[in-house]
$ cat target-v2.cif   # mmCIF, C-alpha atoms
data_model
loop_
_atom_site.label_atom_id
_atom_site.label_comp_id
_atom_site.auth_asym_id
_atom_site.auth_seq_id
_atom_site.Cartn_x
_atom_site.Cartn_y
_atom_site.Cartn_z
CA MET A 1 -0.59 -13.71 15.99
CA LYS A 2 1.56 -12.73 13.04
CA GLN A 3 2.23 -9.10 12.18
CA LEU A 4 0.70 -8.30 8.77
CA TYR A 5 1.54 -5.08 6.96
CA ILE A 6 -0.50 -4.11 3.90
CA ASP A 7 0.59 -1.42 1.47
CA PHE A 8 -1.93 1.26 0.47
CA ASP A 9 -1.09 2.63 -3.01
CA GLY A 10 -1.61 -0.02 -5.67
CA VAL A 11 -3.00 -2.53 -3.16
CA ILE A 12 -5.98 -0.88 -1.43
CA LEU A 13 -6.63 2.05 -3.78
CA ASP A 14 -5.46 2.38 -7.37
CA THR A 15 -3.79 5.73 -6.62
CA ILE A 16 -0.74 4.96 -8.75
CA ALA A 17 -2.74 4.48 -11.97
CA LYS A 18 -4.87 7.51 -11.06
CA THR A 19 -1.92 9.82 -10.38
CA TYR A 20 -0.08 8.70 -13.52
CA LYS A 21 -3.21 9.55 -15.54
CA VAL A 22 -3.49 12.99 -13.89
CA MET A 23 0.22 13.67 -14.51
CA GLU A 24 -0.17 12.61 -18.13
CA ASP A 25 -3.16 14.96 -18.52
CA LYS A 26 -1.08 17.80 -17.02
CA GLY A 27 1.86 17.05 -19.33
CA ILE A 28 4.18 15.98 -16.50
CA ASP A 29 6.90 13.57 -17.65
CA ILE A 30 6.95 10.74 -15.09
CA LYS A 31 10.71 10.38 -15.68
CA ASP A 32 11.25 13.94 -14.36
CA GLN A 33 11.72 13.06 -10.67
CA GLU A 34 11.57 16.65 -9.42
CA LYS A 35 8.27 17.39 -11.18
CA VAL A 36 6.83 14.06 -9.99
CA LYS A 37 7.89 14.76 -6.37
CA ASP A 38 6.38 18.23 -6.62
CA PHE A 39 3.16 16.77 -8.03
CA TYR A 40 2.82 14.25 -5.16
CA ARG A 41 3.56 16.92 -2.54
CA ASN A 42 0.94 19.30 -3.92
CA VAL A 43 -1.86 17.13 -5.29
CA ASP A 44 -5.27 17.41 -3.58
CA TRP A 45 -5.12 14.08 -1.70
CA LYS A 46 -8.68 14.34 -0.39
CA LYS A 47 -10.05 14.66 -3.93
CA LEU A 48 -7.64 12.04 -5.30
CA ILE A 49 -8.66 9.44 -2.70
CA GLU A 50 -12.36 10.18 -3.21
CA GLU A 51 -11.99 9.68 -6.98
CA THR A 52 -9.78 6.58 -6.90
CA ASP A 53 -11.12 3.05 -7.26
CA VAL A 54 -10.72 0.38 -4.59
CA ILE A 55 -8.73 -2.57 -5.98
CA ASN A 56 -10.28 -6.07 -5.92
CA ASP A 57 -12.65 -5.28 -3.02
CA SER A 58 -9.63 -4.66 -0.77
CA ILE A 59 -11.53 -2.89 2.03
CA ASN A 60 -13.84 -5.89 2.53
CA GLU A 61 -10.88 -8.22 2.06
CA ILE A 62 -9.05 -6.51 4.96
CA LYS A 63 -12.19 -6.82 7.10
CA LYS A 64 -12.14 -10.59 6.40
CA ILE A 65 -8.48 -10.74 7.45
CA CYS A 66 -9.26 -8.89 10.69
CA ASP A 67 -12.23 -11.20 11.35
CA SER A 68 -9.97 -14.25 10.94
CA LYS A 69 -8.13 -13.22 14.14
CA LYS A 70 -4.90 -14.67 12.69
CA PHE A 71 -3.03 -11.38 12.24
CA ASN A 72 -2.27 -8.03 13.81
CA VAL A 73 -3.11 -5.92 10.75
CA TYR A 74 -1.44 -2.63 9.88
CA ILE A 75 -1.53 -0.43 6.81
CA LEU A 76 2.07 0.51 5.94
CA THR A 77 2.17 3.34 3.43
CA HIS A 78 4.78 5.63 1.95
CA ILE A 79 3.86 9.30 2.04
CA ASN A 80 5.18 12.36 0.21
CA SER A 81 3.58 15.02 2.42
CA THR A 82 1.68 15.65 5.62
CA LYS A 83 -1.46 16.32 3.54
CA GLU A 84 -1.17 12.87 1.98
CA MET A 85 -0.72 11.25 5.40
CA ILE A 86 -3.75 13.05 6.87
CA GLU A 87 -6.08 12.11 3.98
CA LYS A 88 -4.98 8.46 3.96
CA ILE A 89 -5.49 8.20 7.72
CA LYS A 90 -8.94 9.85 7.50
CA PHE A 91 -9.99 7.47 4.71
CA LEU A 92 -8.67 4.37 6.47
CA HIS A 93 -10.09 5.27 9.89
CA LYS A 94 -13.50 5.72 8.26
CA GLU A 95 -13.32 2.44 6.31
CA LEU A 96 -11.21 0.31 8.67
CA PRO A 97 -11.32 1.84 12.17
CA GLN A 98 -9.83 -1.32 13.70
CA VAL A 99 -6.59 -1.06 11.68
CA THR A 100 -3.52 1.00 12.65
CA VAL A 101 -1.94 3.14 9.92
CA VAL A 102 1.84 3.47 9.80
CA SER A 103 3.04 6.31 7.56
CA VAL A 104 6.58 6.16 6.19
CA PRO A 105 8.29 9.20 4.64
CA LYS A 106 9.01 8.39 0.98
CA GLU A 107 12.75 8.91 1.60
CA LEU A 108 12.92 5.96 4.02
CA PRO A 109 12.54 2.24 3.36
CA LYS A 110 9.58 0.66 5.14
CA THR A 111 12.06 -1.61 6.93
CA GLU A 112 13.49 1.44 8.76
CA VAL A 113 10.13 2.26 10.39
CA VAL A 114 8.82 -1.18 11.40
CA ASN A 115 10.60 -4.42 12.26
CA PRO A 116 10.10 -6.79 9.31
CA SER A 117 11.61 -9.86 11.00
CA ALA A 118 9.06 -12.72 10.76
CA ALA A 119 6.37 -10.18 9.76
CA ILE A 120 4.40 -10.34 6.50
CA LEU A 121 4.30 -7.52 3.95
CA ILE A 122 1.77 -7.45 1.13
CA ASP A 123 2.94 -4.91 -1.43
CA ASP A 124 2.62 -4.33 -5.18
CA TYR A 125 6.19 -3.05 -5.50
CA SER A 126 8.86 -5.75 -5.77
CA GLY A 127 11.56 -3.39 -4.45
CA ASN A 128 9.79 -3.13 -1.09
CA ILE A 129 9.35 -6.90 -0.91
CA LYS A 130 13.02 -7.48 -1.72
CA GLU A 131 14.10 -5.11 1.10
CA TRP A 132 11.61 -6.76 3.47
CA GLN A 133 12.98 -10.24 2.78
CA LYS A 134 16.58 -9.05 3.27
CA LYS A 135 15.54 -8.17 6.84
CA LEU A 136 14.02 -11.67 7.38
CA GLY A 137 10.44 -10.67 6.66
CA ILE A 138 7.91 -12.57 4.53
CA GLY A 139 7.03 -10.78 1.30
CA ILE A 140 3.89 -11.32 -0.77
CA LYS A 141 3.32 -9.54 -4.05
CA PHE A 142 -0.14 -8.08 -4.62
CA VAL A 143 -1.12 -8.16 -8.30
CA LYS A 144 -4.36 -7.33 -10.09
CA GLU A 145 -3.88 -10.50 -12.10
CA HIS A 146 -1.16 -13.14 -11.83
CA GLU A 147 2.12 -12.18 -13.46
CA ASN A 148 4.56 -14.90 -12.34
CA SER A 149 6.86 -12.63 -10.32
CA ASP A 150 9.73 -13.86 -8.13
CA TYR A 151 7.47 -13.68 -5.06
CA PRO A 152 4.32 -15.46 -3.91
CA GLU A 153 1.41 -13.58 -5.53
CA ILE A 154 -2.14 -12.84 -4.46
CA THR A 155 -4.92 -11.01 -6.28
CA HIS A 156 -7.24 -10.73 -3.26
CA LEU A 157 -5.91 -9.77 0.14
CA SER A 158 -7.86 -12.41 2.08
CA GLU A 159 -5.86 -15.12 0.26
CA VAL A 160 -3.22 -14.49 2.94
CA ILE A 161 -5.49 -16.20 5.51
CA ASP A 162 -5.06 -19.62 3.89
CA MET A 163 -1.32 -19.06 3.35
CA PHE A 164 -0.70 -18.96 7.10
CA ASN A 165 -2.73 -21.59 8.91
CA GLN A 166 -1.80 -21.21 12.57
#
$ encode --input "target-v2.cif" --output "structure tokens"
Amino acid sequence: MKQLYIDFDGVILDTIAKTYKVMEDKGIDIKDQEKVKDFYRNVDWKKLIEETDVINDSINEIKKICDSKKFNVYILTHINSTKEMIEKIKFLHKELPQVTVVSVPKELPKTEVVNPSAAILIDDYSGNIKEWQKKLGIGIKFVKEHENSDYPEITHLSEVIDMFNQ
């Protein structure tokens, strides 16, 4: 079975759009890195996750992937704080108890925490995919609608099943 890592923010939940909206409402300039870091460290993650929309039925899509028995599925997510890690794990263990969550401190690349070689990463951020491929991993870009990026794109997570017929 292939190792399959799925990003959380911007793939499972639309936390990026939600946090940008909250920062905008609070008058935080998203170009001010210190204020943005401070925001992410101190935001109420429990409330944020509860109020954030699931993207393209991703929870059920991950269940389909698990049911296919083609992949060892992990959620691979960057975190800014322990509070964020705890709330993401609680949410994911409730929704997807069969899936292991791997939390990566924001300061580290995902490739420093797991071995990307021959493993698949589904992520919405091209920078993570680029790093993954440099370490001989397979990168797939998750998009809400096709945008013709430099990487194979999917809009629904279960599309990965047909991409890797084993």
$ resolve_selection --input "target-v2.cif" --expression "the PyMOL selection byres ((chain A and resi 100-110) around 6)" --output "list of chain:residue names"
A:Tyr74, A:Ile75, A:Leu76, A:Thr77, A:His78, A:Ile79, A:Asn80, A:Val99, A:Thr111, A:Glu112, A:Val113
$ resolve_selection --input "target-v2.cif" --expression "the PyMOL selection byres ((chain A and resi 130-144) around 12)" --output "PyMOL selection string"
chain A and resi 2-14+54-58+108-129+145-160+163-164
$ resolve_selection --input "target-v2.cif" --expression "the PyMOL selection byres ((chain A and resi 98) around 12)" --output "ChimeraX atom specification"
/A:59,62-63,65-67,72-75,92-97,99-101
$ atom_distance --input "target-v2.cif" --atom1 "CA of Lys46 (chain A)" --atom2 "CA of Phe71 (chain A)"
29.2 Å
$ atom_distance --input "target-v2.cif" --atom1 "CA of Ile86 (chain A)" --atom2 "CA of Ser68 (chain A)"
28.3 Å
$ residues_around --input "target-v2.cif" --residues "Tyr20 (chain A)" --least-positions-apart "3" --cutoff "12 Å" --atoms "all atoms listed in the file" --output "VMD selection string"
chain A and resid 10 14 to 17 23 to 31 36 39 to 40 43 48 52
$ atom_distance --input "target-v2.cif" --atom1 "CA of Asp162 (chain A)" --atom2 "CA of Lys70 (chain A)"
10.1 Å
$ closest_residue --input "target-v2.cif" --among "A:Lys64, A:Lys69, A:Lys88, A:Lys21" --to "Lys47 (chain A)" --atoms "all atoms listed in the file"
A:Lys88
$ axis_aligned_box --input "target-v2.cif" --around "region 67-82 of chain A" --padding-each-side "4 Å" --output "lines of an AutoDock Vina configuration file"
center_x = -3.5
center_y = 0.5
center_z = 7.2
size_x = 25.4
size_y = 38.3
size_z = 21.9
$ build_atoms --input "target-v2.cif" --residues "region 93-104 of chain A" --atoms "all heavy atoms" --output "PDB file, keeping the file's coordinate frame"
ATOM      1  N   HIS A  93      -9.378   5.313   8.603  1.00  0.00           N
ATOM      2  CA  HIS A  93     -10.090   5.270   9.890  1.00  0.00           C
ATOM      3  C   HIS A  93     -11.599   5.218   9.683  1.00  0.00           C
ATOM      4  O   HIS A  93     -12.314   4.630  10.495  1.00  0.00           O
ATOM      5  CB  HIS A  93      -9.677   6.433  10.785  1.00  0.00           C
ATOM      6  CG  HIS A  93      -8.374   6.174  11.471  1.00  0.00           C
ATOM      7  ND1 HIS A  93      -7.920   6.910  12.525  1.00  0.00           N
ATOM      8  CD2 HIS A  93      -7.412   5.239  11.245  1.00  0.00           C
ATOM      9  CE1 HIS A  93      -6.742   6.440  12.924  1.00  0.00           C
ATOM     10  NE2 HIS A  93      -6.417   5.432  12.150  1.00  0.00           N
ATOM     11  N   LYS A  94     -12.073   5.799   8.587  1.00  0.00           N
ATOM     12  CA  LYS A  94     -13.500   5.720   8.260  1.00  0.00           C
ATOM     13  C   LYS A  94     -13.860   4.303   7.793  1.00  0.00           C
ATOM     14  O   LYS A  94     -14.857   3.721   8.214  1.00  0.00           O
ATOM     15  CB  LYS A  94     -13.835   6.750   7.174  1.00  0.00           C
ATOM     16  CG  LYS A  94     -15.298   6.779   6.781  1.00  0.00           C
ATOM     17  CD  LYS A  94     -15.542   7.919   5.787  1.00  0.00           C
ATOM     18  CE  LYS A  94     -16.672   7.580   4.877  1.00  0.00           C
ATOM     19  NZ  LYS A  94     -16.321   7.313   3.503  1.00  0.00           N
ATOM     20  N   GLU A  95     -13.038   3.746   6.913  1.00  0.00           N
ATOM     21  CA  GLU A  95     -13.320   2.440   6.310  1.00  0.00           C
ATOM     22  C   GLU A  95     -12.900   1.257   7.184  1.00  0.00           C
ATOM     23  O   GLU A  95     -13.554   0.217   7.173  1.00  0.00           O
ATOM     24  CB  GLU A  95     -12.611   2.320   4.952  1.00  0.00           C
ATOM     25  CG  GLU A  95     -13.060   3.339   3.914  1.00  0.00           C
ATOM     26  CD  GLU A  95     -14.485   3.139   3.452  1.00  0.00           C
ATOM     27  OE1 GLU A  95     -14.993   2.000   3.515  1.00  0.00           O
ATOM     28  OE2 GLU A  95     -15.110   4.128   3.024  1.00  0.00           O
ATOM     29  N   LEU A  96     -11.791   1.409   7.892  1.00  0.00           N
ATOM     30  CA  LEU A  96     -11.210   0.310   8.670  1.00  0.00           C
ATOM     31  C   LEU A  96     -10.755   0.833  10.045  1.00  0.00           C
ATOM     32  O   LEU A  96      -9.554   0.888  10.339  1.00  0.00           O
ATOM     33  CB  LEU A  96     -10.005  -0.282   7.928  1.00  0.00           C
ATOM     34  CG  LEU A  96     -10.276  -0.888   6.558  1.00  0.00           C
ATOM     35  CD1 LEU A  96      -8.997  -1.024   5.750  1.00  0.00           C
ATOM     36  CD2 LEU A  96     -10.975  -2.229   6.699  1.00  0.00           C
ATOM     37  N   PRO A  97     -11.703   1.226  10.892  1.00  0.00           N
ATOM     38  CA  PRO A  97     -11.320   1.840  12.170  1.00  0.00           C
ATOM     39  C   PRO A  97     -10.493   0.933  13.086  1.00  0.00           C
ATOM     40  O   PRO A  97      -9.782   1.415  13.963  1.00  0.00           O
ATOM     41  CB  PRO A  97     -12.664   2.212  12.807  1.00  0.00           C
ATOM     42  CG  PRO A  97     -13.682   1.378  12.106  1.00  0.00           C
ATOM     43  CD  PRO A  97     -13.152   1.099  10.737  1.00  0.00           C
ATOM     44  N   GLN A  98     -10.551  -0.371  12.852  1.00  0.00           N
ATOM     45  CA  GLN A  98      -9.830  -1.320  13.700  1.00  0.00           C
ATOM     46  C   GLN A  98      -8.363  -1.483  13.311  1.00  0.00           C
ATOM     47  O   GLN A  98      -7.612  -2.169  13.987  1.00  0.00           O
ATOM     48  CB  GLN A  98     -10.544  -2.685  13.684  1.00  0.00           C
ATOM     49  CG  GLN A  98     -10.454  -3.461  12.370  1.00  0.00           C
ATOM     50  CD  GLN A  98     -11.497  -3.082  11.315  1.00  0.00           C
ATOM     51  OE1 GLN A  98     -11.819  -1.923  11.114  1.00  0.00           O
ATOM     52  NE2 GLN A  98     -12.013  -4.086  10.614  1.00  0.00           N
ATOM     53  N   VAL A  99      -7.941  -0.854  12.213  1.00  0.00           N
ATOM     54  CA  VAL A  99      -6.590  -1.060  11.680  1.00  0.00           C
ATOM     55  C   VAL A  99      -5.716   0.172  11.939  1.00  0.00           C
ATOM     56  O   VAL A  99      -6.128   1.299  11.706  1.00  0.00           O
ATOM     57  CB  VAL A  99      -6.648  -1.371  10.165  1.00  0.00           C
ATOM     58  CG1 VAL A  99      -5.257  -1.494   9.577  1.00  0.00           C
ATOM     59  CG2 VAL A  99      -7.447  -2.655   9.918  1.00  0.00           C
ATOM     60  N   THR A 100      -4.489  -0.072  12.408  1.00  0.00           N
ATOM     61  CA  THR A 100      -3.520   1.000  12.650  1.00  0.00           C
ATOM     62  C   THR A 100      -2.821   1.352  11.334  1.00  0.00           C
ATOM     63  O   THR A 100      -2.456   0.466  10.565  1.00  0.00           O
ATOM     64  CB  THR A 100      -2.473   0.540  13.689  1.00  0.00           C
ATOM     65  OG1 THR A 100      -3.166   0.242  14.903  1.00  0.00           O
ATOM     66  CG2 THR A 100      -1.426   1.604  13.940  1.00  0.00           C
ATOM     67  N   VAL A 101      -2.631   2.654  11.120  1.00  0.00           N
ATOM     68  CA  VAL A 101      -1.940   3.140   9.920  1.00  0.00           C
ATOM     69  C   VAL A 101      -0.540   3.575  10.313  1.00  0.00           C
ATOM     70  O   VAL A 101      -0.362   4.347  11.262  1.00  0.00           O
ATOM     71  CB  VAL A 101      -2.701   4.327   9.287  1.00  0.00           C
ATOM     72  CG1 VAL A 101      -1.981   4.813   8.029  1.00  0.00           C
ATOM     73  CG2 VAL A 101      -4.144   3.953   8.982  1.00  0.00           C
ATOM     74  N   VAL A 102       0.452   3.072   9.588  1.00  0.00           N
ATOM     75  CA  VAL A 102       1.840   3.470   9.800  1.00  0.00           C
ATOM     76  C   VAL A 102       2.294   4.201   8.534  1.00  0.00           C
ATOM     77  O   VAL A 102       2.333   3.609   7.452  1.00  0.00           O
ATOM     78  CB  VAL A 102       2.753   2.248  10.071  1.00  0.00           C
ATOM     79  CG1 VAL A 102       4.193   2.703  10.303  1.00  0.00           C
ATOM     80  CG2 VAL A 102       2.236   1.432  11.248  1.00  0.00           C
ATOM     81  N   SER A 103       2.609   5.491   8.689  1.00  0.00           N
ATOM     82  CA  SER A 103       3.040   6.310   7.560  1.00  0.00           C
ATOM     83  C   SER A 103       4.566   6.387   7.535  1.00  0.00           C
ATOM     84  O   SER A 103       5.191   6.644   8.563  1.00  0.00           O
ATOM     85  CB  SER A 103       2.458   7.714   7.683  1.00  0.00           C
ATOM     86  OG  SER A 103       1.048   7.656   7.684  1.00  0.00           O
ATOM     87  N   VAL A 104       5.136   6.175   6.350  1.00  0.00           N
ATOM     88  CA  VAL A 104       6.580   6.160   6.190  1.00  0.00           C
ATOM     89  C   VAL A 104       6.977   7.251   5.197  1.00  0.00           C
ATOM     90  O   VAL A 104       6.509   7.238   4.050  1.00  0.00           O
ATOM     91  CB  VAL A 104       7.055   4.786   5.644  1.00  0.00           C
ATOM     92  CG1 VAL A 104       8.567   4.760   5.477  1.00  0.00           C
ATOM     93  CG2 VAL A 104       6.573   3.649   6.533  1.00  0.00           C
TER      94      VAL A 104
END
